[in-house]
>>> print(open('protein07.txt').read())   # compact mmCIF, C-alpha atoms and all ligand atoms
# COMPACT_ATOMS: atom_id res chain seq x y z
CA MET A 1 147.79 27.82 179.12
CA ILE A 2 149.00 27.41 175.54
CA SER A 3 147.42 29.66 172.92
CA ILE A 4 147.69 30.19 169.18
CA ALA A 5 146.52 33.50 167.68
CA ILE A 6 145.51 33.72 164.02
CA ASP A 7 144.57 37.10 162.57
CA GLY A 8 143.88 38.38 159.10
CA PRO A 9 141.29 40.00 156.83
CA ALA A 10 138.06 38.42 155.55
CA GLY A 11 138.68 35.41 153.32
CA SER A 12 142.36 35.05 154.19
CA GLY A 13 141.70 31.46 155.27
CA LYS A 14 141.95 32.05 159.02
CA SER A 15 138.90 30.13 160.11
CA THR A 16 139.46 27.11 157.85
CA ILE A 17 143.04 26.88 159.06
CA ALA A 18 142.25 27.64 162.71
CA LYS A 19 139.57 24.92 162.82
CA ARG A 20 141.89 22.31 161.33
CA LEU A 21 144.75 23.27 163.61
CA ALA A 22 142.55 23.19 166.73
CA SER A 23 141.23 19.80 165.69
CA MET A 24 144.72 18.37 165.06
CA LEU A 25 146.08 19.68 168.36
CA ASP A 26 142.90 18.97 170.32
CA TYR A 27 142.58 22.60 171.46
CA LEU A 28 139.43 24.69 171.70
CA TYR A 29 138.62 26.74 168.61
CA ILE A 30 137.38 30.25 169.35
CA ASP A 31 135.92 32.04 166.34
CA THR A 32 135.87 35.64 167.61
CA GLY A 33 134.33 36.83 164.33
CA ALA A 34 131.30 34.64 165.16
CA MET A 35 130.96 36.50 168.45
CA TYR A 36 130.90 39.93 166.74
CA ARG A 37 128.59 38.53 164.06
CA SER A 38 126.20 37.23 166.74
CA ALA A 39 126.11 40.65 168.40
CA THR A 40 125.39 42.23 165.00
CA TYR A 41 122.68 39.70 164.16
CA SER A 42 120.89 40.57 167.41
CA VAL A 43 121.20 44.30 166.72
CA LEU A 44 119.65 43.83 163.26
CA ARG A 45 116.88 41.61 164.63
CA ALA A 46 116.06 44.28 167.21
CA ASN A 47 116.00 46.92 164.44
CA LEU A 48 118.40 49.17 166.34
CA PRO A 49 120.00 51.97 164.33
CA LEU A 50 123.71 51.17 163.85
CA SER A 51 124.54 54.64 165.18
CA ASP A 52 122.83 54.09 168.55
CA GLU A 53 125.84 52.97 170.55
CA LYS A 54 124.07 53.00 173.90
CA ALA A 55 121.14 50.85 172.77
CA ILE A 56 123.55 48.45 171.04
CA VAL A 57 125.73 48.10 174.14
CA ASP A 58 122.66 47.58 176.36
CA LEU A 59 121.39 44.83 174.09
CA VAL A 60 124.72 43.07 173.55
CA SER A 61 125.74 43.14 177.21
CA GLY A 62 122.66 41.04 178.03
CA LEU A 63 123.25 38.36 175.38
CA THR A 64 124.57 34.87 176.03
CA ILE A 65 126.65 33.89 173.00
CA GLU A 66 127.86 30.30 172.95
CA LEU A 67 130.21 28.44 170.60
CA VAL A 68 129.36 24.77 170.89
CA GLY A 69 130.82 21.57 169.45
CA SER A 70 134.03 20.41 167.85
CA PRO A 71 136.16 22.91 165.87
CA GLU A 72 135.03 21.67 162.47
CA GLU A 73 131.34 21.43 163.35
CA GLN A 74 131.05 24.42 165.59
CA ARG A 75 127.56 25.80 166.16
CA VAL A 76 126.70 29.26 167.44
CA TYR A 77 123.84 30.02 169.83
CA ILE A 78 122.42 33.32 171.07
CA ASP A 79 120.36 32.92 174.25
CA GLY A 80 119.87 29.25 173.41
CA THR A 81 118.75 29.74 169.78
CA GLU A 82 120.98 28.41 167.02
CA VAL A 83 122.19 31.13 164.59
CA THR A 84 125.13 29.32 162.95
CA ARG A 85 123.98 29.98 159.38
CA ASP A 86 122.17 33.28 159.97
CA ILE A 87 125.29 35.08 161.19
CA ARG A 88 127.12 34.32 157.91
CA LYS A 89 124.58 36.07 155.70
CA ASP A 90 125.27 39.22 153.77
CA ASP A 91 123.15 41.55 155.94
CA VAL A 92 125.26 40.64 158.98
CA SER A 93 128.54 40.83 157.01
CA SER A 94 127.63 44.34 155.84
CA ALA A 95 126.85 45.66 159.33
CA VAL A 96 129.38 43.81 161.51
CA SER A 97 132.19 46.37 161.22
CA GLU A 98 129.85 49.13 162.45
CA VAL A 99 128.93 47.18 165.57
CA SER A 100 132.41 45.86 166.31
CA LYS A 101 134.02 49.29 166.30
CA PHE A 102 132.37 50.34 169.59
CA LYS A 103 134.74 50.37 172.55
CA GLU A 104 132.33 48.81 175.03
CA ILE A 105 131.33 46.06 172.59
CA ARG A 106 135.00 45.17 172.19
CA ARG A 107 135.55 45.24 175.94
CA ILE A 108 132.69 42.76 176.47
CA MET A 109 133.98 40.40 173.76
CA VAL A 110 137.67 40.61 174.69
CA GLU A 111 136.88 39.88 178.32
CA LYS A 112 135.00 36.69 177.31
CA GLN A 113 137.79 35.65 174.94
CA GLN A 114 140.53 36.15 177.53
CA ARG A 115 138.53 34.25 180.15
CA ILE A 116 138.23 31.20 177.88
CA ALA A 117 141.93 31.29 176.95
CA LYS A 118 142.94 31.34 180.62
CA SER A 119 141.46 27.95 181.30
CA HIS A 120 141.79 26.10 177.96
CA PRO A 121 144.42 25.59 175.29
CA VAL A 122 143.02 27.57 172.36
CA VAL A 123 143.36 28.40 168.72
CA MET A 124 141.68 31.79 168.44
CA ASP A 125 141.08 33.65 165.20
CA GLY A 126 140.06 37.25 164.52
CA ARG A 127 141.49 40.67 163.85
CA ASP A 128 143.11 41.73 167.14
CA ILE A 129 144.03 38.43 168.78
CA GLY A 130 147.82 38.76 168.51
CA THR A 131 147.76 42.48 169.33
CA GLN A 132 145.08 42.91 172.04
CA VAL A 133 143.34 39.75 173.14
CA LEU A 134 146.31 37.42 173.59
CA PRO A 135 149.45 39.57 173.32
CA GLU A 136 151.34 36.78 175.14
CA ALA A 137 150.13 34.01 172.79
CA ASP A 138 152.68 31.24 172.30
CA PHE A 139 152.32 31.39 168.52
CA LYS A 140 151.00 34.18 166.34
CA PHE A 141 150.16 34.02 162.66
CA PHE A 142 148.82 36.68 160.33
CA LEU A 143 147.23 35.39 157.13
CA THR A 144 146.71 37.39 153.95
CA ALA A 145 145.62 36.65 150.39
CA SER A 146 144.89 38.73 147.31
CA LEU A 147 141.49 40.45 147.20
CA GLU A 148 140.45 38.37 144.15
CA GLU A 149 141.25 35.09 145.87
CA ARG A 150 139.52 36.14 149.07
CA ALA A 151 136.40 37.10 147.10
CA ARG A 152 136.44 33.72 145.31
CA ARG A 153 136.55 31.94 148.68
CA ARG A 154 133.70 34.06 150.07
CA LYS A 155 131.61 33.36 146.96
CA LYS A 156 131.88 29.66 147.74
CA ASP A 157 130.84 30.30 151.36
CA PHE A 158 127.79 32.25 150.19
CA GLU A 159 126.89 29.52 147.69
CA ALA A 160 126.83 27.04 150.56
CA LEU A 161 124.25 29.34 152.20
CA GLU A 162 122.30 29.49 148.94
CA GLU A 163 123.04 33.19 148.58
CA SER A 164 124.23 34.12 145.14
CA LEU A 165 126.38 37.23 144.95
CA ASP A 166 128.58 38.18 142.04
CA ILE A 167 132.32 38.38 142.50
CA LYS A 168 132.46 42.15 141.97
CA GLN A 169 129.84 42.70 144.68
CA ILE A 170 131.83 40.49 147.08
CA MET A 171 135.11 42.24 146.25
CA ASP A 172 133.50 45.61 147.00
CA SER A 173 132.00 44.40 150.23
CA ILE A 174 135.19 42.79 151.59
CA SER A 175 137.40 45.70 150.61
CA LYS A 176 134.99 48.04 152.40
CA ARG A 177 135.09 45.78 155.48
CA ASP A 178 138.94 45.58 155.34
CA GLU A 179 139.08 49.33 155.19
CA GLU A 180 136.73 49.75 158.18
CA ASP A 181 138.42 47.01 160.24
CA ALA A 182 141.94 48.29 159.52
CA ASN A 183 141.16 51.95 160.15
CA ARG A 184 138.97 51.86 163.23
CA GLU A 185 140.27 53.64 166.29
CA ILE A 186 140.18 50.74 168.75
CA SER A 187 142.01 47.48 168.09
CA PRO A 188 142.23 47.70 164.32
CA LEU A 189 143.09 44.76 162.10
CA LYS A 190 146.86 44.73 162.31
CA GLN A 191 149.71 42.27 162.17
CA ALA A 192 151.38 41.94 165.60
CA ALA A 193 155.10 42.74 165.45
CA ASP A 194 155.93 39.18 166.52
CA ALA A 195 153.39 37.42 164.25
CA MET A 196 154.47 35.33 161.29
CA LEU A 197 152.98 36.51 158.00
CA ILE A 198 151.69 33.82 155.63
CA ASP A 199 150.31 34.71 152.20
CA THR A 200 147.75 31.99 151.41
CA THR A 201 146.84 33.18 147.88
CA THR A 202 148.44 30.23 146.09
CA LYS A 203 148.71 27.83 149.02
CA SER A 204 146.44 24.92 149.83
CA VAL A 205 145.07 24.47 153.35
CA GLU A 206 147.51 21.58 153.81
CA GLU A 207 150.46 23.73 152.79
CA VAL A 208 149.55 26.50 155.24
CA LEU A 209 149.05 23.95 158.03
CA ALA A 210 152.41 22.38 157.27
CA VAL A 211 154.16 25.77 157.64
CA MET A 212 152.43 26.41 160.97
CA LEU A 213 153.02 22.93 162.37
CA ARG A 214 156.69 23.12 161.47
CA ILE A 215 157.00 26.29 163.55
CA ILE A 216 154.91 24.99 166.42
CA ASN A 217 156.80 21.68 166.63
CA LYS A 218 160.22 23.30 166.32
CA ASN A 219 159.56 25.79 169.10
CA GLU A 220 157.92 23.28 171.38
CA LYS A 221 160.97 21.06 171.05
CA LYS A 222 163.28 23.98 171.77
CA GLU A 223 161.40 24.79 174.97
CA PHE A 224 161.43 21.15 175.96
CA THR A 225 165.20 20.72 175.57
CA SER A 226 166.35 24.08 176.94
O1 LIG B 1 136.24 36.76 160.84
P1 LIG B 1 134.90 37.30 160.33
O2 LIG B 1 134.94 37.78 158.91
O3 LIG B 1 133.77 36.35 160.59
O4 LIG B 1 134.64 38.61 161.25
C1 LIG B 1 133.51 39.41 161.10
C2 LIG B 1 133.77 40.82 161.56
O5 LIG B 1 133.89 40.88 162.99
C3 LIG B 1 135.00 41.53 161.02
O6 LIG B 1 134.74 42.18 159.81
C4 LIG B 1 135.34 42.52 162.11
C5 LIG B 1 134.81 41.89 163.36
N1 LIG B 1 135.86 41.27 164.18
C6 LIG B 1 136.59 42.10 165.00
O7 LIG B 1 136.38 43.31 164.99
N2 LIG B 1 137.52 41.57 165.84
C7 LIG B 1 137.75 40.26 165.87
N3 LIG B 1 138.65 39.75 166.72
C8 LIG B 1 137.04 39.39 165.00
C9 LIG B 1 136.11 39.93 164.14
>>> encode(input="protein07.txt", output="structure tokens", more="lines below")
Ligand code: DC
Amino acid sequence: MISIAIDGPAGSGKSTIAKRLASMLDYLYIDTGAMYRSATYSVLRANLPLSDEKAIVDLVSGLTIELVGSPEEQRVYIDGTEVTRDIRKDDVSSAVSEVSKFKEIRRIMVEKQQRIAKSHPVVMDGRDIGTQVLPEADFKFFLTASLEERARRRKKDFEALEESLDIKQIMDSISKRDEEDANREISPLKQAADAMLIDTTTKSVEEVLAVMLRIINKNEKKEFTS
């Protein structure tokens, strides 16, 4: 089954690009960040201490997390309740790295992600897709952007949720999350050796998509004619 892996830090443009690409190619879009965010949202709702690994694993292993709908209008449900907007809020963003660093939490999520990719063509975005989840992905991209630009993009996302945070606050929060995601022991945020690096700081969504589609089309043609 064909798969495209897109990794990168917060605000690098991964999900905007991954959604558009999945929509253009008519593949499933799997937002793995939404899965870790859903787990974290449930942990916060249950008032579990972020240090209580066992209680967190017990809770998360019993959850049904669903990504429903087309790539560009994807909705997220936990046990049948919609949480699409709730999982994007600042409280979840601040705690998600703590929850997603646990080995058993990652095992549960990766198993789900690999199962979906086995039976559907997918565009999957996250932190460890090219390295751990889909090491055999047909195409791998790693997106980056400057911290300032990433913070500007996140500010817009928060504004859409009617949360107003200043740019300095957002820069601090995403650099803390980058640091935690890149330095955790298990499956850290890392560019796969065979992933193509794209710096999106000064590129429009269309420009990034054009670069990716050029690579995808060229390689598909090569496989077809060889
Ligand atoms: O892509 P995002 O910002 O919505 O992801 C939220 C968090 O989830 C991110 O800070 C770390 C975690 N995550 C992860 O550990 N592995 C993934 N494949 C995707 C996200």
>>> closest_residue(input="protein07.txt", among="A:Asp31, A:Glu148, A:Asp90, A:Asp178", to="Ile116 (chain A)", atoms="only C-alpha atoms")
A:Asp31
>>> closest_atom_pairs(input="protein07.txt", of="chain A", to="ligand LIG 1 (chain B)", cutoff="9 Å", atoms="all atoms listed in the file", output="JSON lines")
{"residue": "A:Asp7", "atom": "CA", "partner": "B:LIG1", "partner_atom": "N3", "distance": 7.7}
{"residue": "A:Gly8", "atom": "CA", "partner": "B:LIG1", "partner_atom": "O1", "distance": 8.0}
{"residue": "A:Pro9", "atom": "CA", "partner": "B:LIG1", "partner_atom": "O2", "distance": 7.0}
{"residue": "A:Ala10", "atom": "CA", "partner": "B:LIG1", "partner_atom": "O2", "distance": 4.6}
{"residue": "A:Gly11", "atom": "CA", "partner": "B:LIG1", "partner_atom": "O2", "distance": 7.1}
{"residue": "A:Lys14", "atom": "CA", "partner": "B:LIG1", "partner_atom": "O1", "distance": 7.6}
{"residue": "A:Ser15", "atom": "CA", "partner": "B:LIG1", "partner_atom": "O1", "distance": 7.2}
{"residue": "A:Asp31", "atom": "CA", "partner": "B:LIG1", "partner_atom": "O1", "distance": 7.3}
{"residue": "A:Thr32", "atom": "CA", "partner": "B:LIG1", "partner_atom": "C8", "distance": 4.7}
{"residue": "A:Gly33", "atom": "CA", "partner": "B:LIG1", "partner_atom": "O4", "distance": 3.6}
{"residue": "A:Ala34", "atom": "CA", "partner": "B:LIG1", "partner_atom": "O3", "distance": 5.5}
{"residue": "A:Met35", "atom": "CA", "partner": "B:LIG1", "partner_atom": "C9", "distance": 7.5}
{"residue": "A:Tyr36", "atom": "CA", "partner": "B:LIG1", "partner_atom": "O5", "distance": 4.9}
{"residue": "A:Arg37", "atom": "CA", "partner": "B:LIG1", "partner_atom": "C1", "distance": 5.8}
{"residue": "A:Thr40", "atom": "CA", "partner": "B:LIG1", "partner_atom": "O5", "distance": 8.8}
{"residue": "A:Ile87", "atom": "CA", "partner": "B:LIG1", "partner_atom": "O3", "distance": 8.6}
{"residue": "A:Arg88", "atom": "CA", "partner": "B:LIG1", "partner_atom": "O3", "distance": 7.5}
{"residue": "A:Val92", "atom": "CA", "partner": "B:LIG1", "partner_atom": "C1", "distance": 8.6}
{"residue": "A:Ser93", "atom": "CA", "partner": "B:LIG1", "partner_atom": "C1", "distance": 6.6}
{"residue": "A:Ser94", "atom": "CA", "partner": "B:LIG1", "partner_atom": "O6", "distance": 8.4}
{"residue": "A:Ala95", "atom": "CA", "partner": "B:LIG1", "partner_atom": "O6", "distance": 8.6}
{"residue": "A:Val96", "atom": "CA", "partner": "B:LIG1", "partner_atom": "C2", "distance": 5.3}
{"residue": "A:Ser97", "atom": "CA", "partner": "B:LIG1", "partner_atom": "C4", "distance": 5.1}
{"residue": "A:Glu98", "atom": "CA", "partner": "B:LIG1", "partner_atom": "C4", "distance": 8.6}
{"residue": "A:Val99", "atom": "CA", "partner": "B:LIG1", "partner_atom": "C5", "distance": 8.2}
{"residue": "A:Ser100", "atom": "CA", "partner": "B:LIG1", "partner_atom": "O7", "distance": 4.9}
{"residue": "A:Lys101", "atom": "CA", "partner": "B:LIG1", "partner_atom": "O7", "distance": 6.6}
{"residue": "A:Arg106", "atom": "CA", "partner": "B:LIG1", "partner_atom": "O7", "distance": 7.6}
{"residue": "A:Met109", "atom": "CA", "partner": "B:LIG1", "partner_atom": "N3", "distance": 8.5}
{"residue": "A:Val110", "atom": "CA", "partner": "B:LIG1", "partner_atom": "N3", "distance": 8.1}
{"residue": "A:Met124", "atom": "CA", "partner": "B:LIG1", "partner_atom": "N3", "distance": 8.7}
{"residue": "A:Asp125", "atom": "CA", "partner": "B:LIG1", "partner_atom": "N3", "distance": 6.7}
{"residue": "A:Gly126", "atom": "CA", "partner": "B:LIG1", "partner_atom": "N3", "distance": 3.6}
{"residue": "A:Arg127", "atom": "CA", "partner": "B:LIG1", "partner_atom": "N3", "distance": 4.1}
{"residue": "A:Asp128", "atom": "CA", "partner": "B:LIG1", "partner_atom": "N3", "distance": 4.9}
{"residue": "A:Ile129", "atom": "CA", "partner": "B:LIG1", "partner_atom": "N3", "distance": 5.9}
{"residue": "A:Gln132", "atom": "CA", "partner": "B:LIG1", "partner_atom": "N3", "distance": 8.9}
{"residue": "A:Val133", "atom": "CA", "partner": "B:LIG1", "partner_atom": "N3", "distance": 8.0}
{"residue": "A:Ile174", "atom": "CA", "partner": "B:LIG1", "partner_atom": "O6", "distance": 8.3}
{"residue": "A:Arg177", "atom": "CA", "partner": "B:LIG1", "partner_atom": "O6", "distance": 5.6}
{"residue": "A:Asp178", "atom": "CA", "partner": "B:LIG1", "partner_atom": "O6", "distance": 7.0}
{"residue": "A:Glu180", "atom": "CA", "partner": "B:LIG1", "partner_atom": "O6", "distance": 8.0}
{"residue": "A:Asp181", "atom": "CA", "partner": "B:LIG1", "partner_atom": "C4", "distance": 5.8}
{"residue": "A:Ser187", "atom": "CA", "partner": "B:LIG1", "partner_atom": "O7", "distance": 7.7}
{"residue": "A:Pro188", "atom": "CA", "partner": "B:LIG1", "partner_atom": "O7", "distance": 7.3}
{"residue": "A:Leu189", "atom": "CA", "partner": "B:LIG1", "partner_atom": "N2", "distance": 7.4}
>>> closest_residue(input="protein07.txt", among="A:Lys103, A:Lys218, A:Arg115, A:Arg153", to="Glu185 (chain A)", atoms="only C-alpha atoms")
A:Lys103
>>> closest_residue(input="protein07.txt", among="A:Gln74, A:Ser3, A:Ser175, A:Val83", to="Ile216 (chain A)", atoms="all atoms listed in the file")
A:Ser3
>>> residues_near_point(input="protein07.txt", point="(132.5, 42.3, 144.9)", cutoff="10 Å", atoms="all atoms listed in the file", output="PyMOL selection string")
chain A and resi 147-148+151-152+154-155+165-176
